[in-house]
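Peer 1: I have a structure here, written as C-alpha cells, and I will follow up with some questions on it.
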Amino acid sequence: MAGRTARLVLLAGAAALASGSQGDREPVYRDCVRRCEGRNCSGDALKHFRSRQPIYMSLAGWTCQDDCKYECMWVTVGLYLQEGHEVPQFHGKISLNAWFWSTVFHTKDTDLTEKMDYFCASTVILHSIYLCCVRTVGLQRPSVASAFRALLLLMLTAHVSYLSLVRFDYGYNLAANVAIGLVNLVWWLAWCLWNQQQLPHVRKCMAVVLLLQGLSLLELLDFPPLFWVLDAHAIWHISTIPVHVLFFRFLEEDSLYLLKESKATGKLD
C-alpha cells in the first residue's frame, strides 16, 4: 500500500513535466488496458463482445479497445480516490471547438476527428477576428479587409500544416489559440468601448466577449466531473449556448443600424 501511494505521488509530481493526460500515463491504467485487451479483444471473446454490443455503440465506432480504456479509467479513478489523491484527467486535451466537428469528435475520438475539432476551433476564432476587421475597418476600406483575410488564411494554413505534417503539439496549439483569442478580445473590446456611447447595442457584444473569455477558464482550470458526468469541458459547451444567442442579438441590432445608416446616407446623396 505504501509503495503504491509513493508511486502515485511521484506520478502526480511528474505530470507537470510530461505531455498528455496524467491518467493515461498511470501504470495501473496501462497495465489494466493491456490485460483487458488481451483477455477480451481477440478470438471468441471479441465475438462475444460484438454480439452483446448495442447497435448505437457499434455505429459510433466504439471498439473493444475503447471499452477497455473506459473500464480501466474507472478502475484507476477508484484507486486514486482510495489513496486520497485528486482524480486524474484521462484522454484530456484542451480544445476550443466548432460545433459540428466538436460533436463528431466527442462521439468518436480518433486522430481525424480530433484534428478537425482543433482546426475548426482555430478557424472560428480567426473568423471572429476577420469579422471584427470588417466591422471596424473594412466597411470604409474593403481592400484592407481583403488583404487581412488573405493574411489570416495564410496563418491558418501554416498552423494546420505544422500540426498535420510536422508535429501535433498540444502545448503549441493551446498557446496559438490563446494568443489569437486575446487579439480577438482586445480588438472587439476596444471597438465596443470606443462606440458604446454612440451605439448602445455594442454593450451586448462587450458582454459576449467578456463572458466567452471568462468561460474559457473552464478549459484551462480543469476539475473532476460533477456527478462523474459533467466535466469542465462539458460545462463550457453548455455555458456558451446562451452567449451565442446574445451575440446574435448584437448582430441583428448592428445590422439594422447599418441598414438605417445606409438609407440615410443615400437620401443625403
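Please note that chains go A, B, ... in the order of the C-alpha cells, that every chain numbers its residues from 1, and that ligands are numbered from 1 in the order shown.
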Using only C-alpha atoms, which residues sit within 12 Å of A:Asp111 once same-chain residues fewer than 5 positions away are excluded, as a list of chain:residue names?
Peer 2: A:Val104, A:Phe105, A:Met116, A:Asp117, A:Tyr118, A:Leu163, A:Ser164, A:Phe168
Peer 1: Write out as a VMD selection string all residues of stretch 48-173 of chain A that backbone DSSP assigns to helix (DSSP H, G or I).
Peer 2: chain A and resid 48 to 52 55 to 59 64 to 82 99 to 107 111 to 138 142 to 166 170 to 173
Peer 1: Please indicate the distance in Å from atom CA of A:Ser122 to atom CA of A:Arg249, rounded to one decimal place.
Peer 2: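 Atom-to-atom, atom CA of A:Ser122 to atom CA of A:Arg249, that is 23.6 Å.
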Peer 1: So how far away is atom CA of A:Arg167 from atom CA of A:Leu220, in Å?
Peer 2: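 That distance, rounded to one decimal, is 22.0 Å.
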Peer 1: Would you list the contacts of A:Phe247 as a PyMOL selection string, taking every protein, DNA or RNA residue within 7 Å and counting only C-alpha atoms, but skipping same-chain residues closer than 5 positions in sequence?
Peer 2: chain A and resi 204-205+208
Peer 1: Record the distance separating atom CA of A:Lys69 and atom CA of A:Val33, expressed in Å with one decimal.
Peer 2: 5.8 Å
Peer 1: Need to verify the contact set: A:Phe248, 12 Å, only C-alpha atoms, exclusion of same-chain residues closer than 4 positions in sequence. Can you return it as a list of chain:residue names?
Peer 2: A:His201, A:Val202, A:Lys204, A:Cys205, A:Val208, A:Ile241, A:Pro242, A:Val243, A:His244, A:Glu252, A:Glu253, A:Asp254, A:Ser255
Peer 1: Output N, CA, C and O atoms of each residue in that selection to a file, as a PDB file, in the first residue's frame.
Peer 2:
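Output (part.pdb):
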```pdb
ATOM      1  N   HIS A 201     -26.070  49.343 -28.471  1.00  0.00           N
ATOM      2  CA  HIS A 201     -26.201  47.894 -28.651  1.00  0.00           C
ATOM      3  C   HIS A 201     -24.854  47.166 -28.607  1.00  0.00           C
ATOM      4  O   HIS A 201     -24.820  45.940 -28.470  1.00  0.00           O
ATOM      5  N   VAL A 202     -23.741  47.916 -28.726  1.00  0.00           N
ATOM      6  CA  VAL A 202     -22.434  47.236 -28.697  1.00  0.00           C
ATOM      7  C   VAL A 202     -22.126  46.682 -27.309  1.00  0.00           C
ATOM      8  O   VAL A 202     -21.208  45.876 -27.156  1.00  0.00           O
ATOM      9  N   LYS A 204     -23.898  44.618 -25.816  1.00  0.00           N
ATOM     10  CA  LYS A 204     -24.156  43.176 -25.929  1.00  0.00           C
ATOM     11  C   LYS A 204     -22.907  42.463 -26.434  1.00  0.00           C
ATOM     12  O   LYS A 204     -22.546  41.388 -25.947  1.00  0.00           O
ATOM     13  N   CYS A 205     -22.246  43.060 -27.425  1.00  0.00           N
ATOM     14  CA  CYS A 205     -21.005  42.479 -27.944  1.00  0.00           C
ATOM     15  C   CYS A 205     -19.933  42.450 -26.856  1.00  0.00           C
ATOM     16  O   CYS A 205     -19.200  41.473 -26.712  1.00  0.00           O
ATOM     17  N   VAL A 208     -20.626  39.622 -24.528  1.00  0.00           N
ATOM     18  CA  VAL A 208     -20.292  38.341 -25.150  1.00  0.00           C
ATOM     19  C   VAL A 208     -18.800  38.074 -25.084  1.00  0.00           C
ATOM     20  O   VAL A 208     -18.357  36.981 -24.693  1.00  0.00           O
ATOM     21  N   ILE A 241     -23.897  28.301 -24.987  1.00  0.00           N
ATOM     22  CA  ILE A 241     -25.127  28.367 -25.787  1.00  0.00           C
ATOM     23  C   ILE A 241     -25.843  29.703 -25.629  1.00  0.00           C
ATOM     24  O   ILE A 241     -26.122  30.385 -26.622  1.00  0.00           O
ATOM     25  N   PRO A 242     -26.164  30.159 -24.404  1.00  0.00           N
ATOM     26  CA  PRO A 242     -26.850  31.454 -24.280  1.00  0.00           C
ATOM     27  C   PRO A 242     -25.983  32.626 -24.732  1.00  0.00           C
ATOM     28  O   PRO A 242     -26.522  33.657 -25.161  1.00  0.00           O
ATOM     29  N   VAL A 243     -24.661  32.478 -24.660  1.00  0.00           N
ATOM     30  CA  VAL A 243     -23.770  33.555 -25.091  1.00  0.00           C
ATOM     31  C   VAL A 243     -23.914  33.793 -26.593  1.00  0.00           C
ATOM     32  O   VAL A 243     -23.930  34.937 -27.063  1.00  0.00           O
ATOM     33  N   HIS A 244     -24.053  32.721 -27.352  1.00  0.00           N
ATOM     34  CA  HIS A 244     -24.212  32.862 -28.798  1.00  0.00           C
ATOM     35  C   HIS A 244     -25.560  33.486 -29.157  1.00  0.00           C
ATOM     36  O   HIS A 244     -25.678  34.196 -30.165  1.00  0.00           O
ATOM     37  N   GLU A 252     -27.927  41.295 -34.993  1.00  0.00           N
ATOM     38  CA  GLU A 252     -29.208  41.735 -35.535  1.00  0.00           C
ATOM     39  C   GLU A 252     -29.366  43.245 -35.383  1.00  0.00           C
ATOM     40  O   GLU A 252     -29.707  43.958 -36.349  1.00  0.00           O
ATOM     41  N   GLU A 253     -29.117  43.769 -34.191  1.00  0.00           N
ATOM     42  CA  GLU A 253     -29.270  45.201 -33.944  1.00  0.00           C
ATOM     43  C   GLU A 253     -28.233  46.016 -34.711  1.00  0.00           C
ATOM     44  O   GLU A 253     -28.547  47.106 -35.218  1.00  0.00           O
ATOM     45  N   ASP A 254     -27.011  45.483 -34.815  1.00  0.00           N
ATOM     46  CA  ASP A 254     -25.974  46.217 -35.539  1.00  0.00           C
ATOM     47  C   ASP A 254     -26.274  46.254 -37.032  1.00  0.00           C
ATOM     48  O   ASP A 254     -26.031  47.270 -37.698  1.00  0.00           O
ATOM     49  N   SER A 255     -26.809  45.163 -37.563  1.00  0.00           N
ATOM     50  CA  SER A 255     -27.178  45.128 -38.983  1.00  0.00           C
ATOM     51  C   SER A 255     -28.291  46.120 -39.283  1.00  0.00           C
ATOM     52  O   SER A 255     -28.274  46.819 -40.309  1.00  0.00           O
TER      53      SER A 255
END
```
